[in-house]
$ cat start-v7.txt   # compact mmCIF, C-alpha atoms (C1' of nucleotides)
# COMPACT_ATOMS: atom_id res chain seq x y z
CA MET M 1 113.51 148.65 73.45
CA ARG M 2 111.28 150.92 75.48
CA ALA M 3 111.54 150.93 79.26
CA ASP M 4 108.05 149.50 79.84
CA ALA M 5 108.74 146.76 77.30
CA VAL M 6 111.87 145.68 79.16
CA ARG M 7 109.98 145.62 82.43
CA ASN M 8 107.04 143.72 80.94
CA ARG M 9 109.33 141.13 79.40
CA ARG M 10 110.99 140.50 82.76
CA ARG M 11 107.62 140.19 84.50
CA LEU M 12 106.37 137.87 81.78
CA LEU M 13 109.35 135.53 82.02
CA ASP M 14 109.13 135.40 85.80
CA ALA M 15 105.40 134.77 85.79
CA ALA M 16 105.68 132.10 83.10
CA ALA M 17 108.53 130.28 84.86
CA ALA M 18 106.55 130.24 88.10
CA GLU M 19 103.34 129.06 86.45
CA PHE M 20 105.11 126.37 84.42
CA ALA M 21 106.84 125.10 87.55
CA GLU M 22 103.60 125.07 89.56
CA HIS M 23 101.09 123.81 87.02
CA GLY M 24 103.04 122.31 84.13
CA MET M 25 103.21 123.58 80.59
CA GLU M 26 99.50 123.45 79.96
CA VAL M 27 98.78 126.65 81.90
CA SER M 28 96.87 129.15 79.82
CA ILE M 29 98.43 132.30 78.43
CA ALA M 30 95.62 134.22 80.09
CA ARG M 31 96.77 133.01 83.51
CA ILE M 32 100.38 133.90 82.84
CA ALA M 33 99.44 137.33 81.52
CA ALA M 34 97.27 137.99 84.57
CA ARG M 35 100.05 136.95 86.95
CA ALA M 36 102.47 139.20 85.08
CA GLY M 37 99.94 142.03 85.20
CA ILE M 38 99.93 142.54 81.43
CA GLY M 39 97.45 142.01 78.61
CA LYS M 40 97.27 138.74 76.68
CA GLY M 41 98.25 140.54 73.50
CA THR M 42 101.50 141.69 75.05
CA VAL M 43 102.61 138.10 75.55
CA PHE M 44 102.49 137.57 71.80
CA ARG M 45 104.37 140.79 71.15
CA HIS M 46 107.33 139.33 73.05
CA PHE M 47 107.03 135.72 71.92
CA ALA M 48 105.35 134.75 68.67
CA THR M 49 103.99 131.56 70.15
CA LYS M 50 103.46 129.84 73.48
CA GLU M 51 106.16 127.35 72.59
CA GLN M 52 108.70 130.09 72.04
CA LEU M 53 107.93 131.45 75.47
CA MET M 54 108.54 128.03 76.93
CA ALA M 55 111.71 127.69 74.88
CA ALA M 56 113.15 130.85 76.40
CA ILE M 57 112.68 129.50 79.91
CA LEU M 58 113.73 126.00 79.03
CA SER M 59 116.98 126.83 77.33
CA ASP M 60 118.06 128.76 80.42
CA GLN M 61 117.43 125.73 82.60
CA LEU M 62 119.21 123.43 80.18
CA ASP M 63 122.21 125.71 80.29
CA ALA M 64 122.19 125.46 84.07
CA LEU M 65 122.57 121.71 83.62
CA VAL M 66 125.35 122.27 81.09
CA ALA M 67 127.16 124.41 83.68
CA ARG M 68 126.76 121.70 86.30
CA GLY M 69 128.14 119.15 83.85
CA GLU M 70 131.15 121.30 83.11
CA GLU M 71 131.96 121.53 86.81
CA LEU M 72 131.67 117.77 87.14
CA VAL M 73 134.07 117.07 84.28
CA GLU M 74 136.83 118.24 86.59
CA SER M 75 135.59 116.46 89.72
CA ALA M 76 137.30 113.53 91.41
CA GLY M 77 135.28 110.39 90.60
CA PRO M 78 134.39 109.86 86.93
CA GLY M 79 131.61 107.42 87.78
CA GLU M 80 130.12 109.58 90.53
CA ALA M 81 130.28 112.55 88.17
CA VAL M 82 128.00 110.81 85.68
CA LEU M 83 125.62 109.81 88.46
CA ASP M 84 125.57 113.35 89.87
CA PHE M 85 124.97 114.77 86.42
CA MET M 86 122.05 112.43 85.89
CA ALA M 87 120.62 113.32 89.29
CA ALA M 88 120.84 117.02 88.45
CA GLY M 89 119.04 116.32 85.18
CA VAL M 90 116.27 114.38 86.86
CA ARG M 91 115.72 117.05 89.48
CA LEU M 92 115.37 119.62 86.72
CA ARG M 93 112.27 117.93 85.37
CA SER M 94 111.76 120.50 82.63
CA PHE M 95 114.51 118.60 80.92
CA CYS M 96 112.18 116.01 79.48
CA VAL M 97 109.97 118.68 78.00
CA ALA M 98 113.00 119.82 76.01
CA LEU M 99 113.38 116.39 74.51
CA THR M 100 109.88 116.54 73.10
CA ALA M 101 109.81 116.61 69.33
CA GLU M 102 108.09 119.99 68.82
CA MET M 103 110.12 121.73 71.46
CA ARG M 104 113.47 120.86 69.96
CA GLU M 105 112.56 122.76 66.82
CA GLU M 106 112.92 126.02 68.73
CA LEU M 107 116.43 127.19 67.89
CA GLN M 108 117.37 128.19 71.42
CA VAL M 109 116.46 124.77 72.73
CA ARG M 110 118.32 123.09 69.90
CA ALA M 111 121.48 125.02 70.70
CA ALA M 112 121.20 124.26 74.42
CA SER M 113 120.65 120.59 73.60
CA GLU M 114 123.85 120.49 71.61
CA ARG M 115 125.84 121.98 74.45
CA LEU M 116 124.22 119.42 76.71
CA ALA M 117 125.14 116.58 74.38
CA ALA M 118 128.75 117.76 74.33
CA VAL M 119 129.15 117.87 78.09
CA ALA M 120 127.30 114.58 78.54
CA GLU M 121 129.72 112.94 76.14
CA SER M 122 132.73 114.41 77.99
CA LEU M 123 131.51 113.01 81.27
CA THR M 124 130.65 109.64 79.81
CA ALA M 125 133.90 109.26 77.89
CA ARG M 126 135.88 109.97 81.02
CA ALA M 127 133.88 107.40 82.99
CA ARG M 128 134.33 104.85 80.20
CA ARG M 129 138.09 105.34 80.23
CA ALA M 130 138.13 104.93 84.00
CA GLY M 131 136.10 101.71 83.71
CA ALA M 132 133.32 103.23 85.83
CA VAL M 133 130.72 102.65 83.13
CA ARG M 134 130.58 100.01 80.40
CA GLY M 135 132.36 100.65 77.13
CA ASP M 136 129.27 100.70 74.93
CA VAL M 137 127.52 103.60 76.66
CA THR M 138 127.50 107.11 75.16
CA GLY M 139 126.56 110.61 76.25
CA HIS M 140 123.34 110.35 74.27
CA ASP M 141 122.47 107.23 76.21
CA VAL M 142 122.99 109.13 79.43
CA LEU M 143 120.69 111.95 78.32
CA LEU M 144 117.95 109.61 77.16
CA LEU M 145 118.20 107.67 80.40
CA ILE M 146 117.77 110.85 82.43
CA ASN M 147 114.57 111.30 80.50
CA ALA M 148 113.64 107.68 81.19
CA VAL M 149 114.07 108.09 84.94
CA VAL M 150 112.01 111.28 85.00
CA GLN M 151 109.20 109.54 83.19
CA ALA M 152 109.45 106.32 85.17
CA VAL M 153 108.24 108.07 88.29
CA ALA M 154 105.90 110.51 86.56
CA PRO M 155 102.81 108.29 87.09
CA LEU M 156 103.25 108.47 90.85
CA GLY M 157 103.42 112.25 90.76
CA ASP M 158 104.05 114.00 94.02
CA ALA M 159 102.96 110.96 95.99
CA ALA M 160 106.54 109.64 96.11
CA PRO M 161 108.86 112.61 95.69
CA GLU M 162 112.07 110.67 96.31
CA LEU M 163 111.24 107.62 94.24
CA TRP M 164 113.32 108.83 91.33
CA ARG M 165 116.43 107.99 93.35
CA ARG M 166 115.43 104.34 93.22
CA TYR M 167 115.15 104.25 89.45
CA LEU M 168 118.23 106.34 88.93
CA GLY M 169 120.07 103.76 91.04
CA LEU M 170 118.58 100.89 89.10
CA VAL M 171 119.34 102.47 85.74
CA PHE M 172 122.85 103.39 86.79
CA ASP M 173 123.52 99.80 87.85
CA GLY M 174 122.69 98.92 84.25
CA LEU M 175 125.47 101.25 83.12
CA ARG M 176 128.10 99.50 85.26
CA PRO M 177 130.50 97.12 83.54
CA GLU M 178 129.72 94.22 85.89
CA ALA M 179 126.32 93.30 84.50
CA ALA M 180 126.96 94.36 80.91
CA HIS M 181 125.41 92.15 78.27
CA PRO M 182 125.72 93.00 74.54
CA LEU M 183 123.14 95.53 73.39
CA PRO M 184 121.10 94.67 70.29
CA VAL M 185 121.05 98.19 68.80
CA PRO M 186 123.79 100.85 68.56
CA ALA M 187 123.50 104.22 70.31
CA PRO M 188 121.83 107.05 68.38
CA ARG M 189 124.27 109.41 66.69
CA SER M 190 122.08 112.42 67.41
CA LEU M 191 119.13 113.28 69.60
CA ALA M 192 117.34 115.10 66.79
CA PRO M 193 114.64 113.04 65.07
CA ASP M 194 115.97 113.71 61.58
CA MET O 1 70.35 98.80 73.06
CA ARG O 2 69.01 99.59 69.63
CA ALA O 3 70.57 98.03 66.55
CA ASP O 4 71.94 101.30 65.16
CA ALA O 5 73.42 102.15 68.55
CA VAL O 6 75.32 98.88 68.66
CA ARG O 7 76.62 99.43 65.16
CA ASN O 8 77.60 103.04 65.88
CA ARG O 9 79.43 102.05 69.03
CA ARG O 10 81.47 99.48 67.14
CA ARG O 11 82.31 101.98 64.41
CA LEU O 12 83.24 104.58 67.01
CA LEU O 13 85.60 102.26 68.87
CA ASP O 14 87.26 101.13 65.65
CA ALA O 15 87.68 104.66 64.36
CA ALA O 16 89.01 105.92 67.68
CA ALA O 17 91.51 103.07 68.03
CA ALA O 18 92.79 103.73 64.51
CA GLU O 19 93.04 107.49 65.01
CA PHE O 20 94.73 107.15 68.40
CA ALA O 21 97.26 104.73 66.93
CA GLU O 22 97.96 106.97 63.94
CA HIS O 23 97.95 110.43 65.49
CA GLY O 24 98.22 110.01 69.24
CA MET O 25 95.60 110.84 71.83
CA GLU O 26 95.32 114.49 70.87
CA VAL O 27 93.16 113.76 67.82
CA SER O 28 89.94 115.72 67.88
CA ILE O 29 86.59 114.14 68.55
CA ALA O 30 85.38 115.72 65.31
CA ARG O 31 87.95 113.70 63.36
CA ILE O 32 87.03 110.47 65.08
CA ALA O 33 83.31 111.07 64.57
CA ALA O 34 83.87 111.84 60.89
CA ARG O 35 85.91 108.66 60.41
CA ALA O 36 83.21 106.67 62.16
CA GLY O 37 80.56 108.32 60.00
CA ILE O 38 78.53 109.60 62.98
CA GLY O 39 77.75 112.97 64.51
CA LYS O 40 79.93 114.50 67.22
CA GLY O 41 77.05 114.37 69.66
CA THR O 42 76.78 110.63 69.27
CA VAL O 43 80.30 110.17 70.59
CA PHE O 44 79.23 111.72 73.89
CA ARG O 45 76.13 109.59 74.05
CA HIS O 46 78.36 106.51 74.20
CA PHE O 47 81.18 107.95 76.30
CA ALA O 48 80.65 110.83 78.68
CA THR O 49 84.11 112.20 78.01
CA LYS O 50 87.01 111.84 75.63
CA GLU O 51 89.04 110.21 78.37
CA GLN O 52 86.42 107.54 78.90
CA LEU O 53 86.55 106.72 75.21
CA MET O 54 90.31 106.36 75.48
CA ALA O 55 89.91 104.28 78.63
CA ALA O 56 87.72 101.76 76.81
CA ILE O 57 90.38 101.21 74.16
CA LEU O 58 93.25 101.30 76.61
CA SER O 59 91.93 98.77 79.08
CA ASP O 60 91.51 96.29 76.25
CA GLN O 61 95.13 96.71 75.27
CA LEU O 62 96.30 96.43 78.86
CA ASP O 63 94.40 93.18 79.19
CA ALA O 64 96.21 91.89 76.13
CA LEU O 65 99.44 92.49 78.03
CA VAL O 66 97.99 90.78 81.09
CA ALA O 67 97.23 87.75 78.92
CA ARG O 68 100.77 87.72 77.56
CA GLY O 69 102.11 87.91 81.10
CA GLU O 70 99.98 84.98 82.18
CA GLU O 71 101.36 82.86 79.36
CA LEU O 72 104.89 83.81 80.31
CA VAL O 73 104.45 82.81 83.97
CA GLU O 74 104.47 79.23 82.77
CA SER O 75 107.34 79.60 80.30
CA ALA O 76 110.78 78.06 80.67
CA GLY O 77 113.20 80.84 81.65
CA PRO O 78 112.10 83.08 84.53
CA GLY O 79 114.54 85.83 83.53
CA GLU O 80 113.68 85.74 79.85
CA ALA O 81 110.01 85.78 80.80
CA VAL O 82 110.43 89.14 82.56
CA LEU O 83 112.39 90.51 79.61
CA ASP O 84 109.77 89.29 77.12
CA PHE O 85 107.02 90.78 79.23
CA MET O 86 108.77 94.12 79.31
CA ALA O 87 109.34 94.00 75.56
CA ALA O 88 105.64 93.32 75.00
CA GLY O 89 104.82 96.28 77.23
CA VAL O 90 107.16 98.60 75.38
CA ARG O 91 105.80 97.59 71.99
CA LEU O 92 102.30 98.38 73.22
CA ARG O 93 103.13 102.04 73.66
CA SER O 94 99.65 102.94 74.81
CA PHE O 95 100.78 101.45 78.07
CA CYS O 96 102.42 104.63 79.25
CA VAL O 97 99.28 106.61 78.59
CA ALA O 98 97.55 104.35 81.08
CA LEU O 99 100.05 105.27 83.74
CA THR O 100 99.16 108.93 83.40
CA ALA O 101 97.53 110.32 86.49
CA GLU O 102 94.19 111.37 84.98
CA MET O 103 93.80 108.19 82.99
CA ARG O 104 94.11 105.89 85.95
CA GLU O 105 91.04 107.45 87.51
CA GLU O 106 88.92 105.75 84.88
CA LEU O 107 87.64 102.61 86.60
CA GLN O 108 88.25 100.28 83.68
CA VAL O 109 91.87 101.33 83.45
CA ARG O 110 92.28 101.02 87.20
CA ALA O 111 91.00 97.46 87.14
CA ALA O 112 93.21 96.54 84.20
CA SER O 113 96.19 98.10 85.99
CA GLU O 114 95.60 95.94 89.02
CA ARG O 115 95.51 92.79 86.94
CA LEU O 116 98.69 93.98 85.30
CA ALA O 117 100.35 94.59 88.67
CA ALA O 118 99.41 91.08 89.78
CA VAL O 119 100.90 89.33 86.77
CA ALA O 120 104.00 91.56 86.83
CA GLU O 121 104.58 90.57 90.44
CA SER O 122 104.16 86.87 89.61
CA LEU O 123 106.74 87.08 86.87
CA THR O 124 109.16 89.11 88.97
CA ALA O 125 108.85 86.94 92.07
CA ARG O 126 109.60 83.86 90.03
CA ALA O 127 112.66 85.51 88.48
CA ARG O 128 113.85 86.64 91.92
CA ARG O 129 113.59 83.10 93.30
CA ALA O 130 115.53 81.81 90.30
CA GLY O 131 118.22 84.42 90.87
CA ALA O 132 117.61 85.86 87.40
CA VAL O 133 116.89 89.32 88.79
CA ARG O 134 118.14 90.99 91.95
CA GLY O 135 116.29 90.45 95.20
CA ASP O 136 115.17 94.02 95.72
CA VAL O 137 113.18 94.36 92.49
CA THR O 138 109.37 94.17 92.46
CA GLY O 139 106.61 93.89 89.88
CA HIS O 140 105.87 97.58 90.28
CA ASP O 141 109.46 98.34 89.43
CA VAL O 142 109.13 96.29 86.27
CA LEU O 143 106.00 98.19 85.21
CA LEU O 144 107.51 101.59 85.88
CA LEU O 145 110.63 100.61 83.99
CA ILE O 146 108.57 99.59 80.96
CA ASN O 147 107.22 103.11 81.08
CA ALA O 148 110.75 104.46 81.43
CA VAL O 149 111.96 102.62 78.33
CA VAL O 150 109.00 103.79 76.27
CA GLN O 151 109.68 107.38 77.24
CA ALA O 152 113.44 107.11 76.86
CA VAL O 153 113.11 106.71 73.11
CA ALA O 154 110.06 108.96 72.70
CA PRO O 155 112.16 112.03 71.78
CA LEU O 156 113.60 110.24 68.75
CA GLY O 157 110.13 109.32 67.53
CA ASP O 158 109.92 107.19 64.44
CA ALA O 159 113.47 108.10 63.45
CA ALA O 160 114.87 105.09 65.32
CA PRO O 161 112.10 102.50 65.56
CA GLU O 162 114.26 99.76 67.09
CA LEU O 163 116.14 101.92 69.57
CA TRP O 164 113.90 100.83 72.44
CA ARG O 165 115.66 97.47 72.35
CA ARG O 166 118.88 99.18 73.37
CA TYR O 167 117.37 100.82 76.43
CA LEU O 168 115.40 97.76 77.39
CA GLY O 169 118.71 95.88 77.33
CA LEU O 170 120.44 98.55 79.38
CA VAL O 171 117.63 98.74 81.91
CA PHE O 172 117.39 94.97 82.17
CA ASP O 173 121.11 94.75 82.86
CA GLY O 174 120.39 96.98 85.84
CA LEU O 175 117.92 94.38 87.10
CA ARG O 176 120.52 91.60 87.05
CA PRO O 177 122.07 90.55 90.37
CA GLU O 178 125.65 91.01 89.12
CA ALA O 179 125.74 94.80 89.18
CA ALA O 180 123.33 95.28 92.07
CA HIS O 181 124.15 98.13 94.42
CA PRO O 182 121.85 99.01 97.34
CA LEU O 183 118.94 101.25 96.31
CA PRO O 184 118.34 104.40 98.36
CA VAL O 185 114.52 104.23 98.30
CA PRO O 186 112.12 101.26 98.68
CA ALA O 187 109.79 100.17 95.87
CA PRO O 188 106.33 101.78 95.76
CA ARG O 189 103.60 99.69 97.33
CA SER O 190 101.08 100.76 94.73
CA LEU O 191 101.09 102.47 91.36
CA ALA O 192 98.18 104.73 92.28
CA PRO O 193 99.22 108.22 93.34
CA ASP O 194 97.14 108.16 96.54
C1' DA Y 1 65.94 105.34 72.35
C1' DC Y 2 68.96 107.23 69.80
C1' DC Y 3 71.02 110.65 66.45
C1' DT Y 4 72.25 115.24 65.08
C1' DG Y 5 74.17 119.78 64.46
C1' DA Y 6 73.81 124.25 66.43
C1' DA Y 7 75.41 126.46 70.63
C1' DC Y 8 78.64 127.19 74.70
C1' DA Y 9 82.90 127.85 77.21
C1' DC Y 10 87.55 127.69 76.72
C1' DC Y 11 91.80 127.84 74.44
C1' DG Y 12 95.97 130.06 71.45
C1' DT Y 13 96.57 133.69 68.29
C1' DT Y 14 95.59 138.09 65.58
C1' DC Y 15 94.79 142.79 64.97
C1' DA Y 16 92.56 147.42 64.97
C1' DA Y 17 92.48 150.91 68.03
C1' DG Y 18 94.56 153.34 71.44
C1' DT Y 19 98.87 155.91 74.08
C1' DA H 1 107.07 151.56 69.90
C1' DC H 2 104.43 149.35 72.59
C1' DC H 3 100.03 147.97 75.03
C1' DT H 4 95.35 146.35 75.07
C1' DG H 5 91.06 143.86 74.77
C1' DA H 6 87.78 142.55 71.39
C1' DA H 7 87.55 139.15 67.71
C1' DC H 8 88.71 134.62 65.36
C1' DA H 9 89.34 129.70 64.77
C1' DC H 10 89.54 125.71 67.16
C1' DC H 11 88.67 122.57 70.75
C1' DG H 12 85.62 119.35 74.17
C1' DT H 13 81.07 119.17 75.78
C1' DT H 14 75.89 120.12 76.12
C1' DC H 15 71.33 120.07 74.63
C1' DA H 16 66.99 121.15 72.05
C1' DA H 17 65.06 119.40 68.20
C1' DG H 18 64.36 115.81 65.33
C1' DT H 19 63.31 110.43 63.93
$ encode --input "start-v7.txt" --output "C-alpha cells"
Amino acid sequence: MRADAVRNRRRLLDAAAAEFAEHGMEVSIARIAARAGIGKGTVFRHFATKEQLMAAILSDQLDALVARGEELVESAGPGEAVLDFMAAGVRLRSFCVALTAEMREELQVRAASERLAAVAESLTARARRAGAVRGDVTGHDVLLLINAVVQAVAPLGDAAPELWRRYLGLVFDGLRPEAAHPLPVPAPRSLAPD
Amino acid sequence: MRADAVRNRRRLLDAAAAEFAEHGMEVSIARIAARAGIGKGTVFRHFATKEQLMAAILSDQLDALVARGEELVESAGPGEAVLDFMAAGVRLRSFCVALTAEMREELQVRAASERLAAVAESLTARARRAGAVRGDVTGHDVLLLINAVVQAVAPLGDAAPELWRRYLGLVFDGLRPEAAHPLPVPAPRSLAPD
DNA sequence: ACCTGAACACCGTTCAAGT
DNA sequence: ACCTGAACACCGTTCAAGT
C-alpha cells in the first residue's frame, strides 16, 4: 500500500468515526470525505460501500466491549459483572447499530458479534451459577436487553442523558431470581436472523 | 373537497398503510403512488411531506392502542391489565416509530401520544395501588419499556416472531415489587425531548 | 380545484481521466 | 497504485402546465 493511501485511510477512519458519533450513521459520504480532506471517490476505493466503512468502525468498538467483558469475567461479583457489562454496552450506543439486520451481514461485524456472544454467555453463566441472575437467562438475552435499554431511552434523546440508568436498573431487576416468573418462549439460540 | 380528491386520499392512505406494514417506512413515495394509482405529485397535494403521511397513519394506530388501554382500565386484574396493554403496544410495532424524535413533532402524533400517556398512567397507577407493580414505576416507564421490548427483538426480525413474549415477560418481572431495587434516576416527566 | 409528470436538489456509487 | 471530480441512478419535493 502506498504511503498516501495509508495516510488517507487513517484520516478517513478518524473522520468517519467522529462524524458517526456526532451526527449518527446517516451523515453523507461527502461530509466525511470533506472532513478527511479527500475526494469522495477515495472513500469508495478504501471501502466498497458506506456500510463497510461503518462496519470497520463498529467492529472495533464491539471488540472494546468484548475486552471489557473478558476483564469482568475475572472480577469479584458475578451479578455486578453482568450489570457492569450491560452498562458498558449501553454507553457504547453504536452497539445497537451492530444488531441491525443489514449490518450483521458484514463479516467483520459478524465475527465481533460472535466474540461478544461468547463473553456474554461466560458472564451470564457465572452469574447463574452464583444465583445472582435467574436460571433461565442466557448471554443472548443479556445482549438483546442491552439493545432494549439503549432503545428505550432513544426517544428522549439528549434531553435525559442519564435516564438509561433507570431502565438498566429496571431491566436488571427482571433478571434477578426473586421476581422470576416462567417465560413463555425459550431464548434464541443465535442472534443471526437465519 | 372534490369527489376525485376524496377518493384519491382514501386510496393513498390505504396504499401507504399497506406498504409501510409490508416494507417499513423507507418505502419510496413513487411505490406508494403507483400502488394507489395516482401521480407522485398528488401525494404531496394531500400531505406536505412523507412524514406527515406517516403521521396520519400512525396517529390512527396509536389511538387504537389508547382505546384498548381505556377498556383495560375497567378490567379485573390491575397487573394483568398493564401486561395486556404492553403486549398490545408491542404487537403494534408502529408504536416505536411514533416515539422517534422527528415523528413526534407532527401535531397529530403528539396529540395521540398525550392520550396514550394519560391512559398508560391510569393503568399503571391502578396497578401500583393494587401492589401489582412496584411503587416507583410510572406510565411513562411503561410506554418506554414497550418501545424497549419492540427493539429488543428487532435484530432477529421475522426469524423469531414470538420472541417478544420472552422479553415482555422478563421486563414485566422487573416491574414486580418482589425484585425491586432502588432506581438511580427518576422517571421522565414527559416523553417529549424538550 | 385538483391531477400530473417533468424538473430540482440531494444522496450513494461508478468510472474515465489524471498523477 | 492511487486520487479525483464529473456522471449516474435514485430519492423526496416542487411546480408549470394541463383538465
$ interface_residues --input "start-v7.txt" --of "chain M" --to "chain H" --cutoff "9 Å" --atoms "only C-alpha atoms (C1' of nucleotides)" --output "count of residues only"
10
$ interface_residues --input "start-v7.txt" --of "chain M" --to "chain O" --cutoff "6 Å" --atoms "all atoms listed in the file" --output "list in words"
Leu99, Thr100, Ala101, Leu144, Leu145, Asn147, Ala148, Gln151, Ala152, Pro155, Leu156, Ala159, Arg166, Gly169, Leu170, Val171, Asp173, Gly174, Glu178, Ala179, Leu183, Pro184, Val185 and Pro193 of chain M
$ write_last_selection --input "start-v7.txt" --atoms "C-alpha atoms" --output "compact mmCIF listing (two decimals), in the coordinates of the input"
# COMPACT_ATOMS: atom_id res chain seq x y z
CA LEU M 99 113.38 116.39 74.51
CA THR M 100 109.88 116.54 73.10
CA ALA M 101 109.81 116.61 69.33
CA LEU M 144 117.95 109.61 77.16
CA LEU M 145 118.20 107.67 80.40
CA ASN M 147 114.57 111.30 80.50
CA ALA M 148 113.64 107.68 81.19
CA GLN M 151 109.20 109.54 83.19
CA ALA M 152 109.45 106.32 85.17
CA PRO M 155 102.81 108.29 87.09
CA LEU M 156 103.25 108.47 90.85
CA ALA M 159 102.96 110.96 95.99
CA ARG M 166 115.43 104.34 93.22
CA GLY M 169 120.07 103.76 91.04
CA LEU M 170 118.58 100.89 89.10
CA VAL M 171 119.34 102.47 85.74
CA ASP M 173 123.52 99.80 87.85
CA GLY M 174 122.69 98.92 84.25
CA GLU M 178 129.72 94.22 85.89
CA ALA M 179 126.32 93.30 84.50
CA LEU M 183 123.14 95.53 73.39
CA PRO M 184 121.10 94.67 70.29
CA VAL M 185 121.05 98.19 68.80
CA PRO M 193 114.64 113.04 65.07
$ residues_around --input "start-v7.txt" --residues "Ala76 of chain O" --least-positions-apart "4" --cutoff "12 Å" --atoms "only C-alpha atoms (C1' of nucleotides)" --output "list in words"
Glu71, Leu72, Glu80, Ala81, Val82, Asp84, Leu123, Arg126, Ala127 and Ala130 of chain O
$ write_last_selection --input "start-v7.txt" --atoms "C-alpha atoms" --output "CSV table (one decimal), keeping the file's coordinate frame"
chain,number,residue,atom,x,y,z
O,71,GLU,CA,101.4,82.9,79.4
O,72,LEU,CA,104.9,83.8,80.3
O,80,GLU,CA,113.7,85.7,79.8
O,81,ALA,CA,110.0,85.8,80.8
O,82,VAL,CA,110.4,89.1,82.6
O,84,ASP,CA,109.8,89.3,77.1
O,123,LEU,CA,106.7,87.1,86.9
O,126,ARG,CA,109.6,83.9,90.0
O,127,ALA,CA,112.7,85.5,88.5
O,130,ALA,CA,115.5,81.8,90.3
$ atom_distance --input "start-v7.txt" --atom1 "atom CA of Pro161 of chain O" --atom2 "atom CA of Ala88 of chain O"
14.7 Å
$ atom_distance --input "start-v7.txt" --atom1 "atom CA of His23 of chain M" --atom2 "atom CA of Ser113 of chain M"
23.9 Å
$ closest_residue --input "start-v7.txt" --among "M:Ala48, M:Ile32, M:Val109, M:Val142" --to "Phe85 of chain M" --atoms "only C-alpha atoms"
M:Val142
$ residues_around --input "start-v7.txt" --residues "segment 55-64 of chain M" --least-positions-apart "2" --cutoff "7 Å" --atoms "all atoms listed in the file" --output "JSON, numbers by chain"
{"M": [17, 51, 52, 53, 66, 67, 68, 94, 95, 98, 106, 108, 109, 112]}
$ atom_distance --input "start-v7.txt" --atom1 "atom CA of Ala18 of chain M" --atom2 "atom CA of Glu105 of chain M"
23.3 Å
